[in-house]
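For reference, start-v8.cif is printed below; it contains mmCIF, C-alpha atoms and all ligand atoms.
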```cif
data_input
loop_
_atom_site.label_atom_id
_atom_site.label_comp_id
_atom_site.auth_asym_id
_atom_site.auth_seq_id
_atom_site.Cartn_x
_atom_site.Cartn_y
_atom_site.Cartn_z
CA MET R 682 17.81 -69.84 4.87
CA LYS R 683 18.98 -66.65 3.33
CA THR R 684 15.63 -66.09 1.62
CA LEU R 685 13.71 -66.74 4.82
CA ALA R 686 15.89 -64.25 6.73
CA HIS R 687 15.25 -61.63 4.04
CA LEU R 688 11.56 -62.28 4.21
CA LEU R 689 11.54 -61.90 8.00
CA LEU R 690 13.53 -58.69 7.74
CA LEU R 691 11.11 -57.24 5.21
CA LEU R 692 8.20 -58.05 7.47
CA LEU R 693 9.87 -56.65 10.57
CA ILE R 694 11.21 -53.37 9.17
CA PRO R 695 7.88 -51.58 8.68
CA ALA R 696 6.70 -52.62 12.15
CA ALA R 697 9.92 -51.40 13.72
CA LEU R 698 9.70 -48.05 11.90
CA GLY R 699 6.10 -47.66 13.00
CA ALA R 700 6.98 -48.27 16.63
CA ALA R 701 9.80 -45.75 16.45
CA GLY R 702 7.41 -43.11 15.17
CA SER R 703 9.14 -42.55 11.84
CA ASP R 704 5.87 -43.20 10.02
CA ILE R 705 5.16 -39.56 10.73
CA ARG R 706 5.87 -37.44 7.68
CA PHE R 707 6.24 -33.69 7.36
CA TYR R 708 5.31 -31.41 4.46
CA HIS R 709 5.77 -27.69 3.94
CA ASP R 710 5.60 -27.30 0.16
CA PHE R 711 2.22 -25.62 -0.02
CA ASP R 712 0.78 -22.08 -0.04
CA ASN R 713 1.91 -20.36 3.19
CA GLY R 714 3.79 -23.46 4.42
CA SER R 715 7.13 -23.14 6.22
CA LEU R 716 9.41 -25.58 8.03
CA LEU R 717 13.13 -26.27 8.32
CA PRO R 718 13.22 -29.95 7.26
CA GLU R 719 16.78 -30.64 8.45
CA ASN R 720 15.83 -29.71 12.03
CA THR R 721 12.53 -31.60 11.97
CA ARG R 722 11.95 -35.24 12.94
CA ALA R 723 9.74 -37.53 15.01
CA GLU R 724 11.32 -39.71 17.70
CA GLY R 725 8.88 -41.93 19.54
CA ASP R 726 5.97 -39.65 20.36
CA THR R 727 7.98 -36.45 20.30
CA VAL R 728 8.11 -34.14 17.28
CA TYR R 729 11.22 -31.94 17.11
CA PHE R 730 10.89 -29.09 14.64
CA ASP R 731 12.11 -25.66 13.61
CA GLY R 732 11.48 -22.89 11.09
CA PRO R 733 13.82 -21.20 8.54
CA ASP R 734 15.70 -18.17 9.88
CA ASN R 735 15.30 -15.99 6.80
CA PHE R 736 14.80 -12.67 8.55
CA ASN R 737 15.87 -11.39 11.95
CA PRO R 738 17.85 -14.49 12.97
CA GLY R 739 16.55 -15.53 16.36
CA GLY R 740 13.36 -13.53 15.86
CA TRP R 741 9.98 -15.16 15.49
CA LYS R 742 9.62 -17.40 12.49
CA TRP R 743 6.65 -18.33 10.42
CA ILE R 744 5.98 -22.05 10.91
CA HIS R 745 3.16 -23.91 9.19
CA PHE R 746 3.48 -27.57 8.29
CA ARG R 747 1.38 -30.61 7.47
CA MET R 748 1.95 -33.90 9.18
CA THR R 749 0.61 -37.35 8.32
CA GLY R 750 0.55 -40.44 10.52
CA ALA R 751 -0.88 -38.64 13.55
CA LEU R 752 -4.05 -40.70 14.02
CA ASP R 753 -4.54 -41.98 17.58
CA ARG R 754 -1.19 -40.66 18.69
CA ALA R 755 -0.63 -38.40 21.70
CA LEU R 756 2.27 -36.42 20.25
CA LYS R 757 4.39 -33.90 22.09
CA PHE R 758 5.95 -31.04 20.12
CA GLU R 759 9.26 -29.50 21.00
CA ILE R 760 11.09 -26.44 19.70
CA GLY R 761 14.26 -24.80 21.01
CA ASN R 762 14.54 -21.74 23.22
CA HIS R 763 15.80 -19.70 20.28
CA TYR R 764 12.27 -19.59 18.84
CA ALA R 765 11.43 -16.05 19.88
CA THR R 766 8.00 -14.61 19.26
CA GLY R 767 8.48 -11.02 20.34
CA SER R 768 8.95 -9.79 23.87
CA GLY R 769 6.58 -12.47 25.17
CA ARG R 770 8.59 -15.32 23.63
CA LEU R 771 6.72 -18.58 24.03
CA ASP R 772 5.79 -18.40 27.69
CA ASP R 773 2.27 -17.25 27.00
CA LEU R 774 1.93 -17.82 23.28
CA VAL R 775 0.48 -21.00 21.87
CA PHE R 776 0.72 -22.87 18.56
CA VAL R 777 -2.48 -23.87 16.75
CA TYR R 778 -3.44 -27.05 14.89
CA SER R 779 -6.13 -27.99 12.38
CA HIS R 780 -7.56 -31.04 10.64
CA ASP R 781 -9.00 -29.11 7.67
CA GLN R 782 -7.00 -25.82 7.43
CA ILE R 783 -10.28 -23.98 8.12
CA ARG R 784 -10.92 -24.35 11.85
CA TRP R 785 -7.84 -23.84 14.03
CA HIS R 786 -7.49 -24.88 17.66
CA PHE R 787 -5.00 -23.88 20.33
CA PHE R 788 -3.03 -26.76 21.87
CA ASP R 789 -4.25 -27.76 25.36
CA GLU R 790 -0.92 -27.55 27.14
CA ALA R 791 2.05 -25.33 26.44
CA ALA R 792 5.01 -24.44 28.60
CA HIS R 793 8.51 -23.06 28.43
CA HIS R 794 11.04 -25.38 30.10
CA ARG R 795 13.93 -23.06 30.76
CA ASP R 796 16.03 -25.75 32.45
CA GLU R 797 15.90 -27.91 29.30
CA GLY R 798 16.05 -24.95 26.94
CA VAL R 799 12.89 -26.02 25.14
CA TYR R 800 9.31 -25.06 24.61
CA ARG R 801 6.87 -27.98 24.64
CA PHE R 802 3.18 -28.24 23.73
CA PHE R 803 0.65 -31.03 23.31
CA ASN R 804 -2.99 -32.04 23.53
CA ASN R 805 -4.50 -34.06 26.35
CA GLU R 806 -6.18 -36.41 23.85
CA PRO R 807 -4.59 -38.26 20.91
CA PHE R 808 -5.22 -36.84 17.43
CA ALA R 809 -8.48 -38.01 15.84
CA HIS R 810 -7.18 -37.57 12.27
CA ASP R 811 -4.23 -38.87 10.31
CA THR R 812 -3.43 -35.47 8.76
CA VAL R 813 -2.77 -32.51 11.05
CA TRP R 814 -1.61 -29.00 10.24
CA VAL R 815 0.42 -27.16 12.88
CA SER R 816 1.06 -23.42 12.75
CA PHE R 817 2.26 -20.26 14.46
CA SER R 818 0.24 -18.10 14.09
CA LEU R 819 -3.16 -18.35 12.28
CA PRO R 820 -2.45 -18.98 8.58
CA TYR R 821 -3.74 -16.80 5.77
CA PRO R 822 -2.53 -18.30 2.46
CA HIS R 823 -2.47 -16.31 -0.77
CA GLY R 824 -5.21 -18.66 -2.03
CA ARG R 825 -7.52 -17.29 0.64
CA VAL R 826 -7.23 -13.74 -0.65
CA ALA R 827 -7.68 -15.02 -4.23
CA ASN R 828 -10.92 -16.75 -3.14
CA LEU R 829 -12.08 -13.65 -1.26
CA VAL R 830 -11.52 -11.43 -4.31
CA HIS R 831 -13.26 -13.99 -6.52
CA PHE R 832 -16.25 -13.87 -4.15
CA LEU R 833 -16.25 -10.06 -4.05
CA ARG R 834 -16.17 -9.79 -7.85
CA SER R 835 -19.85 -10.67 -8.09
CA ASN R 836 -20.85 -8.11 -5.45
CA ILE R 837 -22.73 -5.08 -6.81
CA TYR R 838 -20.68 -2.69 -4.64
CA VAL R 839 -17.31 -3.94 -5.91
CA PHE R 840 -15.61 -2.44 -8.99
CA PRO R 841 -12.24 -2.58 -10.75
CA THR R 842 -9.95 0.39 -10.12
CA PRO R 843 -8.33 2.26 -13.04
CA SER R 844 -5.32 -0.05 -12.51
CA SER R 845 -7.14 -3.39 -12.33
CA ASP R 846 -8.71 -5.57 -14.97
CA ARG R 847 -12.12 -7.25 -14.80
CA ARG R 848 -10.66 -9.92 -12.51
CA LEU R 849 -9.54 -7.12 -10.16
CA VAL R 850 -5.89 -7.91 -10.91
CA ILE R 851 -3.33 -5.06 -11.10
CA GLY R 852 -0.30 -7.21 -11.96
CA GLN R 853 1.73 -10.28 -11.01
CA SER R 854 4.37 -10.87 -8.41
CA ALA R 855 7.93 -11.83 -9.39
CA GLY R 856 7.77 -15.47 -8.24
CA GLY R 857 10.95 -17.54 -7.84
CA THR R 858 12.55 -20.20 -5.66
CA THR R 859 12.60 -20.01 -1.86
CA ASP R 860 15.55 -20.61 0.45
CA THR R 861 14.23 -24.14 1.11
CA GLY R 862 13.99 -24.89 -2.62
CA ARG R 863 10.26 -24.39 -3.06
CA THR R 864 8.84 -22.92 -6.26
CA VAL R 865 6.64 -19.84 -5.96
CA PRO R 866 4.74 -19.11 -9.19
CA PRO R 867 4.03 -15.49 -10.20
CA LEU R 868 0.87 -14.64 -8.23
CA ASP R 869 -1.93 -12.14 -8.81
CA LEU R 870 -1.78 -8.75 -7.11
CA PHE R 871 -5.29 -7.46 -6.52
CA GLY R 872 -6.83 -3.99 -6.51
CA LEU R 873 -10.52 -3.24 -6.12
CA LYS R 874 -12.91 -0.43 -5.28
CA ILE R 875 -15.89 -0.64 -2.94
CA THR R 876 -18.57 2.03 -3.17
CA ASP R 877 -22.26 2.55 -3.94
CA GLY R 878 -22.24 3.11 -7.71
CA GLU R 879 -25.73 4.63 -7.59
CA ALA R 880 -24.78 7.33 -5.08
CA GLY R 881 -23.28 10.34 -6.87
CA GLY R 882 -21.60 13.48 -5.60
CA GLU R 883 -18.23 14.07 -3.98
CA LYS R 884 -16.93 11.10 -2.06
CA GLU R 885 -14.13 10.71 0.43
CA LYS R 886 -11.38 8.23 -0.42
CA VAL R 887 -10.03 5.53 1.86
CA VAL R 888 -7.11 3.24 1.01
CA ILE R 889 -6.72 -0.18 2.64
CA ILE R 890 -3.66 -2.41 2.18
CA SER R 891 -2.43 -5.56 3.93
CA GLY R 892 0.00 -8.46 3.61
CA VAL R 893 3.12 -6.25 3.38
CA HIS R 894 5.05 -8.45 5.84
CA ALA R 895 4.97 -12.12 4.90
CA ASN R 896 4.27 -13.63 8.34
CA GLU R 897 1.73 -11.04 9.52
CA THR R 898 -1.29 -13.12 8.63
CA LEU R 899 -3.60 -11.64 11.26
CA GLY R 900 -3.55 -8.31 9.42
CA ASN R 901 -5.22 -10.14 6.53
CA HIS R 902 -7.84 -11.71 8.79
CA VAL R 903 -8.68 -8.22 10.10
CA THR R 904 -8.80 -6.88 6.53
CA GLU R 905 -11.10 -9.72 5.47
CA GLY R 906 -13.50 -8.89 8.34
CA LEU R 907 -13.42 -5.22 7.32
CA LEU R 908 -14.11 -5.96 3.63
CA LEU R 909 -17.03 -8.27 4.43
CA PHE R 910 -18.46 -5.51 6.62
CA LEU R 911 -18.02 -2.90 3.88
CA VAL R 912 -20.05 -4.93 1.34
CA SER R 913 -22.69 -5.90 3.92
CA GLU R 914 -26.19 -4.47 4.41
CA GLU R 915 -25.40 -3.17 7.89
CA PRO R 916 -26.77 0.42 8.04
CA GLU R 917 -23.34 1.94 8.70
CA ALA R 918 -21.86 0.07 5.73
CA VAL R 919 -24.70 1.27 3.47
CA GLU R 920 -24.02 4.89 4.43
CA LEU R 921 -20.26 4.47 4.15
CA ARG R 922 -20.64 3.24 0.56
CA GLN R 923 -22.83 6.24 -0.27
CA ASN R 924 -20.17 8.65 0.99
CA VAL R 925 -16.84 6.91 0.47
CA GLU R 926 -14.80 5.11 -2.19
CA PHE R 927 -12.62 2.37 -0.69
CA PHE R 928 -9.49 1.40 -2.66
CA VAL R 929 -8.30 -1.99 -1.49
CA TYR R 930 -4.99 -3.83 -2.14
CA PRO R 931 -5.41 -6.87 0.12
CA MET R 932 -2.10 -8.74 -0.42
CA VAL R 933 0.96 -6.63 -1.18
CA ASN R 934 3.59 -9.39 -0.74
CA PRO R 935 1.99 -12.58 -2.10
CA ASP R 936 5.34 -14.31 -2.81
CA GLY R 937 6.51 -13.89 0.77
CA ARG R 938 3.17 -15.19 2.02
CA TYR R 939 3.02 -18.17 -0.35
CA GLY R 940 6.67 -19.03 0.31
CA GLY R 941 6.18 -18.89 4.09
CA TYR R 942 8.76 -16.14 4.61
CA ASN R 943 9.14 -14.29 7.86
CA ARG R 944 9.02 -10.71 6.64
CA GLY R 945 10.45 -10.16 3.16
CA GLY R 946 9.58 -11.65 -0.22
CA VAL R 947 11.07 -14.20 -2.61
CA GLN R 948 12.75 -11.53 -4.75
CA HIS R 949 14.51 -9.96 -1.73
CA PRO R 950 14.09 -12.22 1.33
CA ARG R 951 16.18 -10.03 3.63
CA ARG R 952 14.59 -6.72 2.76
CA ASP R 953 11.96 -5.32 5.07
CA THR R 954 9.10 -4.77 2.63
CA ASN R 955 7.83 -1.84 4.68
CA ARG R 956 10.99 0.24 4.13
CA PHE R 957 10.77 0.63 0.35
CA TRP R 958 7.71 2.80 -0.24
CA HIS R 959 9.35 5.34 -2.50
CA GLU R 960 9.76 5.41 -6.29
CA GLU R 961 13.56 5.15 -6.15
CA LEU R 962 13.54 2.51 -3.43
CA TYR R 963 10.93 0.22 -4.97
CA ALA R 964 12.34 0.34 -8.52
CA ASP R 965 13.55 -3.29 -8.15
CA MET R 966 10.73 -4.42 -5.82
CA LYS R 967 8.08 -5.60 -8.26
CA GLU R 968 5.17 -6.03 -5.83
CA ILE R 969 5.69 -2.80 -3.85
CA GLN R 970 6.16 -0.85 -7.08
CA THR R 971 3.00 -2.30 -8.67
CA VAL R 972 0.86 -1.51 -5.63
CA GLY R 973 2.48 1.90 -5.05
CA GLU R 974 1.91 3.03 -8.62
CA ALA R 975 -1.64 1.63 -8.62
CA MET R 976 -2.52 3.53 -5.45
CA LYS R 977 -1.31 6.81 -6.96
CA ARG R 978 -3.16 6.26 -10.23
CA ASP R 979 -6.39 4.92 -8.67
CA THR R 980 -6.81 7.64 -6.05
CA GLY R 981 -5.51 10.51 -8.19
CA GLY R 982 -2.66 10.96 -5.71
CA ASP R 983 -4.25 13.55 -3.47
CA GLY R 984 -6.95 14.03 -0.90
CA VAL R 985 -7.17 10.53 0.58
CA ALA R 986 -9.06 10.86 3.84
CA MET R 987 -7.74 7.74 5.57
CA PHE R 988 -5.05 5.14 4.85
CA PHE R 989 -4.74 1.79 6.64
CA ASP R 990 -1.89 -0.70 6.36
CA PHE R 991 -2.99 -3.71 8.43
CA HIS R 992 -0.02 -5.45 10.04
CA SER R 993 0.25 -7.88 12.94
CA TRP R 994 2.73 -9.66 15.12
CA SER R 995 3.01 -12.01 17.98
CA ASP R 996 3.26 -10.69 21.50
CA THR R 997 1.47 -10.59 24.81
CA ARG R 998 1.09 -6.79 24.73
CA PRO R 999 -2.24 -5.20 23.72
CA HIS R 1000 -3.24 -4.58 20.09
CA PHE R 1001 -2.21 -1.08 18.98
CA VAL R 1002 -2.31 1.44 16.15
CA ILE R 1003 0.70 3.47 14.98
CA ALA R 1004 -0.36 6.89 13.70
CA GLU R 1005 0.40 10.59 13.94
CA ALA R 1006 -0.67 12.11 17.25
CA HIS R 1007 -3.62 14.02 15.76
CA VAL R 1008 -5.39 10.73 14.94
CA ARG R 1009 -6.01 10.29 18.66
CA ASP R 1010 -8.31 13.34 18.60
CA THR R 1011 -10.57 12.02 15.85
CA PRO R 1012 -14.09 10.56 16.05
CA PHE R 1013 -12.47 7.49 14.43
CA TRP R 1014 -10.24 6.83 17.43
CA THR R 1015 -13.01 7.53 19.96
CA ARG R 1016 -15.32 5.03 18.27
CA LEU R 1017 -12.62 2.40 17.71
CA THR R 1018 -11.71 2.36 21.39
CA GLU R 1019 -15.38 2.09 22.35
CA PHE R 1020 -15.44 -1.23 20.48
CA GLU R 1021 -11.83 -2.15 21.30
CA PRO R 1022 -11.20 -0.74 24.79
CA GLU R 1023 -7.79 -2.46 25.02
CA MET R 1024 -6.49 -0.86 21.81
CA ARG R 1025 -3.42 1.29 22.45
CA PHE R 1026 -2.15 4.32 20.54
CA SER R 1027 1.46 4.63 19.42
CA ALA R 1028 2.30 8.14 18.19
CA SER R 1029 4.58 8.47 15.18
CA ARG R 1030 5.59 11.29 12.86
CA TYR R 1031 5.01 10.80 9.17
CA GLY R 1032 5.29 14.50 8.45
CA ASP R 1033 9.09 14.60 8.44
CA GLU R 1034 9.68 14.08 4.74
CA GLU R 1035 13.46 13.60 4.75
CA ALA R 1036 13.64 11.29 7.77
CA LEU R 1037 10.84 9.04 6.64
CA ARG R 1038 11.79 8.98 3.01
CA GLU R 1039 14.79 7.03 4.25
CA ALA R 1040 12.59 4.74 6.26
CA GLY R 1041 10.18 4.23 3.33
CA ARG R 1042 7.17 3.16 5.34
CA SER R 1043 3.78 2.80 3.65
CA THR R 1044 2.40 5.54 5.89
CA TRP R 1045 5.06 7.95 4.58
CA PHE R 1046 3.92 7.06 1.05
CA ALA R 1047 0.28 7.60 2.04
CA LYS R 1048 1.07 11.01 3.43
CA HIS R 1049 3.37 12.28 0.67
CA ARG R 1050 2.09 10.47 -2.41
CA LEU R 1051 -1.63 10.05 -1.71
CA GLY R 1052 -2.15 13.15 0.41
CA ALA R 1053 -3.62 11.10 3.26
CA ARG R 1054 -5.01 13.13 6.16
CA HIS R 1055 -4.82 10.16 8.51
CA ALA R 1056 -2.39 7.32 7.79
CA MET R 1057 -2.06 4.44 10.21
CA THR R 1058 -0.60 1.00 10.81
CA PRO R 1059 -2.79 -1.19 13.01
CA GLU R 1060 -0.74 -3.91 14.76
CA THR R 1061 -2.77 -6.91 15.83
CA MET R 1062 -1.27 -9.41 18.27
CA PHE R 1063 -1.46 -13.19 18.08
CA ARG R 1064 -2.53 -14.17 21.57
CA ALA R 1065 -3.59 -17.46 23.09
CA GLY R 1066 -7.35 -17.94 22.78
CA GLU R 1067 -7.94 -15.25 20.14
CA ASN R 1068 -9.03 -17.05 16.99
CA ILE R 1069 -9.94 -16.02 13.42
CA ASP R 1070 -13.46 -14.84 14.34
CA ARG R 1071 -11.91 -12.42 16.85
CA TYR R 1072 -9.77 -10.73 14.17
CA ARG R 1073 -12.64 -10.56 11.70
CA ARG R 1074 -14.76 -8.86 14.34
CA MET R 1075 -11.94 -6.38 14.86
CA GLY R 1076 -12.05 -5.60 11.13
CA ARG R 1077 -15.74 -4.74 11.46
CA HIS R 1078 -14.88 -2.45 14.38
CA PHE R 1079 -12.43 -0.55 12.18
CA GLY R 1080 -15.26 -0.13 9.66
CA LEU R 1081 -17.66 1.19 12.30
CA ALA R 1082 -14.97 3.65 13.45
CA MET R 1083 -14.59 4.86 9.83
CA TYR R 1084 -18.32 5.45 9.83
CA ALA R 1085 -17.97 7.71 12.89
CA GLU R 1086 -15.20 9.68 11.14
CA LEU R 1087 -16.47 9.91 7.58
CA VAL R 1088 -20.26 9.88 7.87
CA GLU R 1089 -21.55 10.63 11.36
CA SER R 1090 -19.23 13.54 12.19
CA GLN R 1091 -19.87 15.13 8.78
CA ARG R 1092 -23.59 15.58 9.36
CA SER R 1093 -24.94 19.00 10.37
CA PRO R 1094 -24.98 19.72 14.13
CA ALA R 1095 -28.78 19.96 13.96
CA ALA R 1096 -29.08 16.51 12.42
CA ARG R 1097 -26.73 15.08 15.03
CA GLU R 1098 -28.80 16.65 17.82
CA ARG R 1099 -32.03 15.21 16.43
CA GLU R 1100 -30.44 11.76 16.36
CA ALA R 1101 -29.19 12.08 19.92
CA GLU R 1102 -32.71 13.03 21.12
CA PRO R 1103 -34.30 9.79 22.40
CA ALA R 1104 -37.87 11.20 22.04
CA SER R 1105 -37.46 11.71 18.31
CA ARG R 1106 -36.81 8.00 17.68
ZN ZN M 1 4.54 -5.60 9.87
#
```
Using structure tokens, write down the structure that the file contains.
Ligand SMILES: [Zn+2]
Amino acid sequence: MKTLAHLLLLLLIPAALGAAGSDIRFYHDFDNGSLLPENTRAEGDTVYFDGPDNFNPGGWKWIHFRMTGALDRALKFEIGNHYATGSGRLDDLVFVYSHDQIRWHFFDEAAHHRDEGVYRFFNNEPFAHDTVWVSFSLPYPHGRVANLVHFLRSNIYVFPTPSSDRRLVIGQSAGGTTDTGRTVPPLDLFGLKITDGEAGGEKEKVVIISGVHANETLGNHVTEGLLLFLVSEEPEAVELRQNVEFFVYPMVNPDGRYGGYNRGGVQHPRRDTNRFWHEELYADMKEIQTVGEAMKRDTGGDGVAMFFDFHSWSDTRPHFVIAEAHVRDTPFWTRLTEFEPEMRFSASRYGDEEALREAGRSTWFAKHRLGARHAMTPETMFRAGENIDRYRRMGRHFGLAMYAELVESQRSPAAREREAEPASR
């Protein structure tokens, strides 16, 4: 009898677990993954989950997890009120999901239930795959930048900088263990130059960095769109390469990105990585120091025409650029807002050496260590319905605006007049 009872129990247990929904498993130990396992579980067809609060407790958290056991199930996802995503919170902001980590889709239904203190989202159809990735916002793993750099290496317009080796690597990150016990290996920090090697003469210098804040993945999507434009055969890109050298450091905080941190890195999770751009401040910040020193060496430390540090966040407000007021009067800004009419301008002072040395922002460094004429921090929002292609297109628009500033406006007035004359075309 006893044996038969055991046998029945063994047969019944898996079925019972399946019915209760505990056959759903969660994973976050992968490049750019993040989840708080102790607050995550499936009960019936509801998935309760949360993200680690490793910066700005209560502020928006990077969440990106893999789930198995989803096939044919109409799951509802639920996260507490405390999950803040900026001033818009989650009323108008929507999580994304993917079956392949390449194409991301916004969930069909999403609403904030204030009475219950939760935010709930789901699809109208059951999942068509067993494995599903869920994220807020659009992921950009370190592996993606490594692949992009690998691809760019074979391009005839891409070169090492004085600081980078043949693989376009300027150094390695610190690596370490995350607050949820994940291992982050030392990762490559990249530096590369884009220009037309055949075109001689004096060239302007432009510096492009991204990935300073761990969870600001959209900044990297914009940067990727910009880089692909800069190596393209579009006429404006061809002329830009003839007149400009672009120095690019596409992932400044790879540990924070790989580890799924909210803002800081593995070495110093609670430090804001955009407040340490100064030799004394970044002495124990391996990644910031490596990139900072490379930028000085590679550009010669003076006369950089334009500096861009592509950031992003999550909010319902329009995309905007933080820069000194004079940037608003440039051909760059005029052209950018022709392509991006919603783009807003946020004036800031980077000229005040003492005040901003304390703040240690990358734009201060650009101004005082690279001699940048125009230093700016584009802030791209994660908004419902705006997908990866949208941010890549925005990157191209930044490139076209650089063309207006660095090529078009530098031509002689006579040449500009001839071009404007429709009959001469
Ligand atoms: Zn940022």
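Of the listed residues (R:Arg1009, R:Arg951, R:His992, R:Arg847), R:His992 comes nearest to ligand ZN 1 (chain M); the distances count all atoms listed in the file.
In terms of minimum interatomic distance to ligand ZN 1 (chain M), R:Asp953 ranks closest within R:Glu915, R:Asp953, R:Asp996, R:Glu974, counting all atoms listed in the file.
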Environment of ligand ZN 1 (chain M) within 8 Å, counting all atoms listed in the file, reported as a VMD selection string: chain R and resid 893 to 894 897 944 955 991 to 994 1060
Residues from the last selection, C-alpha atoms, saved as a tab-separated table (two decimals), keeping the file's coordinate frame:
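What ended up in again03.tsv:
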```tsv
chain	number	residue	atom	x	y	z
R	893	VAL	CA	3.12	-6.25	3.38
R	894	HIS	CA	5.05	-8.45	5.84
R	897	GLU	CA	1.73	-11.04	9.52
R	944	ARG	CA	9.02	-10.71	6.64
R	955	ASN	CA	7.83	-1.84	4.68
R	991	PHE	CA	-2.99	-3.71	8.43
R	992	HIS	CA	-0.02	-5.45	10.04
R	993	SER	CA	0.25	-7.88	12.94
R	994	TRP	CA	2.73	-9.66	15.12
R	1060	GLU	CA	-0.74	-3.91	14.76
```
Per residue of range 909-1025 of chain R within 12 Å of range 1048-1052 of chain R, note the shortest atom pair and the distance in Å to one decimal, counting only C-alpha atoms, and order the rows by chain and increasing residue number, as a Markdown table.
```
| residue | atom | partner | partner_atom | distance |
| --- | --- | --- | --- | --- |
| R:Phe928 | CA | R:Leu1051 | CA | 11.7 |
| R:Trp958 | CA | R:Arg1050 | CA | 9.8 |
| R:His959 | CA | R:Arg1050 | CA | 8.9 |
| R:Glu960 | CA | R:Arg1050 | CA | 10.0 |
| R:Gly973 | CA | R:Arg1050 | CA | 9.0 |
| R:Glu974 | CA | R:Arg1050 | CA | 9.7 |
| R:Ala975 | CA | R:Leu1051 | CA | 10.9 |
| R:Met976 | CA | R:Leu1051 | CA | 7.6 |
| R:Lys977 | CA | R:Leu1051 | CA | 6.2 |
| R:Arg978 | CA | R:Leu1051 | CA | 9.4 |
| R:Asp979 | CA | R:Leu1051 | CA | 9.9 |
| R:Thr980 | CA | R:Leu1051 | CA | 7.2 |
| R:Gly981 | CA | R:Leu1051 | CA | 7.6 |
| R:Gly982 | CA | R:Leu1051 | CA | 4.2 |
| R:Asp983 | CA | R:Gly1052 | CA | 4.4 |
| R:Gly984 | CA | R:Gly1052 | CA | 5.1 |
| R:Val985 | CA | R:Gly1052 | CA | 5.7 |
| R:Ala986 | CA | R:Gly1052 | CA | 8.0 |
| R:Met987 | CA | R:Gly1052 | CA | 9.3 |
| R:Phe988 | CA | R:Lys1048 | CA | 8.6 |
| R:Phe989 | CA | R:Lys1048 | CA | 11.4 |
| R:Ala1004 | CA | R:Lys1048 | CA | 11.2 |
| R:Glu1005 | CA | R:Lys1048 | CA | 10.5 |
```
If you count all atoms listed in the file, the residue of R:Asp869, R:Asp796, R:Asp990, R:Asp936 closest to Ala1056 in chain R turns out to be R:Asp990
Using only C-alpha atoms, which protein or nucleic acid residues come within 10 Å of Asn720 in chain R? Drop anything in the same chain fewer than 5 positions from it, and give the result as a ChimeraX atom specification. /R:729-733,760
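With all atoms listed in the file as the atoms that count, the residue of R:Tyr764, R:Gly878, R:Phe803, R:Phe927 with the shortest distance to Ile890 in chain R is R:Phe927.
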Using all atoms listed in the file, which protein or nucleic acid residues come within 9 Å of Glu920 in chain R? Drop anything in the same chain fewer than 6 positions from it, and give the result as an mmCIF file with C-alpha atoms, keeping the file's coordinate frame.
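File written: result-v7.cif
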```cif
data_model
loop_
_atom_site.group_PDB
_atom_site.id
_atom_site.type_symbol
_atom_site.label_atom_id
_atom_site.label_comp_id
_atom_site.auth_asym_id
_atom_site.auth_seq_id
_atom_site.Cartn_x
_atom_site.Cartn_y
_atom_site.Cartn_z
ATOM 1 C CA ASP R 877 -22.260 2.550 -3.940
ATOM 2 C CA TYR R 1084 -18.320 5.450 9.830
ATOM 3 C CA VAL R 1088 -20.260 9.880 7.870
#
```
Point-to-point distance from CA of Asp712 in chain R to CA of Asn735 in chain R, Å rounded to tenths: 17.2 Å
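Residues lying within 12 Å of (-10.4, -4.2, 23.3). Counted over only C-alpha atoms, they are Arg998, Pro999, His1000, Phe1001, Arg1016, Leu1017, Thr1018, Glu1019, Phe1020, Glu1021, Pro1022, Glu1023, Met1024, Arg1025, Thr1061, Met1062, Glu1067, Arg1071, Tyr1072, Arg1074, Met1075, His1078 and Phe1079 of chain R.
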Could the residues in this selection be saved with C-alpha atoms as a compact mmCIF listing (two decimals), keeping the file's coordinate frame?
```txt
# COMPACT_ATOMS: atom_id res chain seq x y z
CA ARG R 998 1.09 -6.79 24.73
CA PRO R 999 -2.24 -5.20 23.72
CA HIS R 1000 -3.24 -4.58 20.09
CA PHE R 1001 -2.21 -1.08 18.98
CA ARG R 1016 -15.32 5.03 18.27
CA LEU R 1017 -12.62 2.40 17.71
CA THR R 1018 -11.71 2.36 21.39
CA GLU R 1019 -15.38 2.09 22.35
CA PHE R 1020 -15.44 -1.23 20.48
CA GLU R 1021 -11.83 -2.15 21.30
CA PRO R 1022 -11.20 -0.74 24.79
CA GLU R 1023 -7.79 -2.46 25.02
CA MET R 1024 -6.49 -0.86 21.81
CA ARG R 1025 -3.42 1.29 22.45
CA THR R 1061 -2.77 -6.91 15.83
CA MET R 1062 -1.27 -9.41 18.27
CA GLU R 1067 -7.94 -15.25 20.14
CA ARG R 1071 -11.91 -12.42 16.85
CA TYR R 1072 -9.77 -10.73 14.17
CA ARG R 1074 -14.76 -8.86 14.34
CA MET R 1075 -11.94 -6.38 14.86
CA HIS R 1078 -14.88 -2.45 14.38
CA PHE R 1079 -12.43 -0.55 12.18
```
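Taking CA of Arg834 in chain R as the reference point, CA of Leu873 in chain R is found at 8.8 Å.
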Would you pick out the contacts of Glu797 in chain R at 10 Å or less, using only C-alpha atoms, so that residues sharing its chain but fewer than 4 positions from it are not included, and give the list as JSON, numbers by chain? {"R": [761, 762, 793]}
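Each of R:Ala1047, R:Val850, R:Ile1003, R:Val972 was checked against Phe1026 in chain R using all atoms listed in the file; the smallest atom-to-atom distance is that of R:Ile1003.
Atom pair CA of Gly1076 in chain R / CA of Leu899 in chain R: separated by 10.4 Å.
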I'd like the contact shell of Glu926 in chain R - 12 Å cut-off, only C-alpha atoms, skipping same-chain residues fewer than 4 positions apart - returned as a ChimeraX atom specification. /R:838-842,873-878,880-889,911-912,918,920-922,979-980,984-987,1087
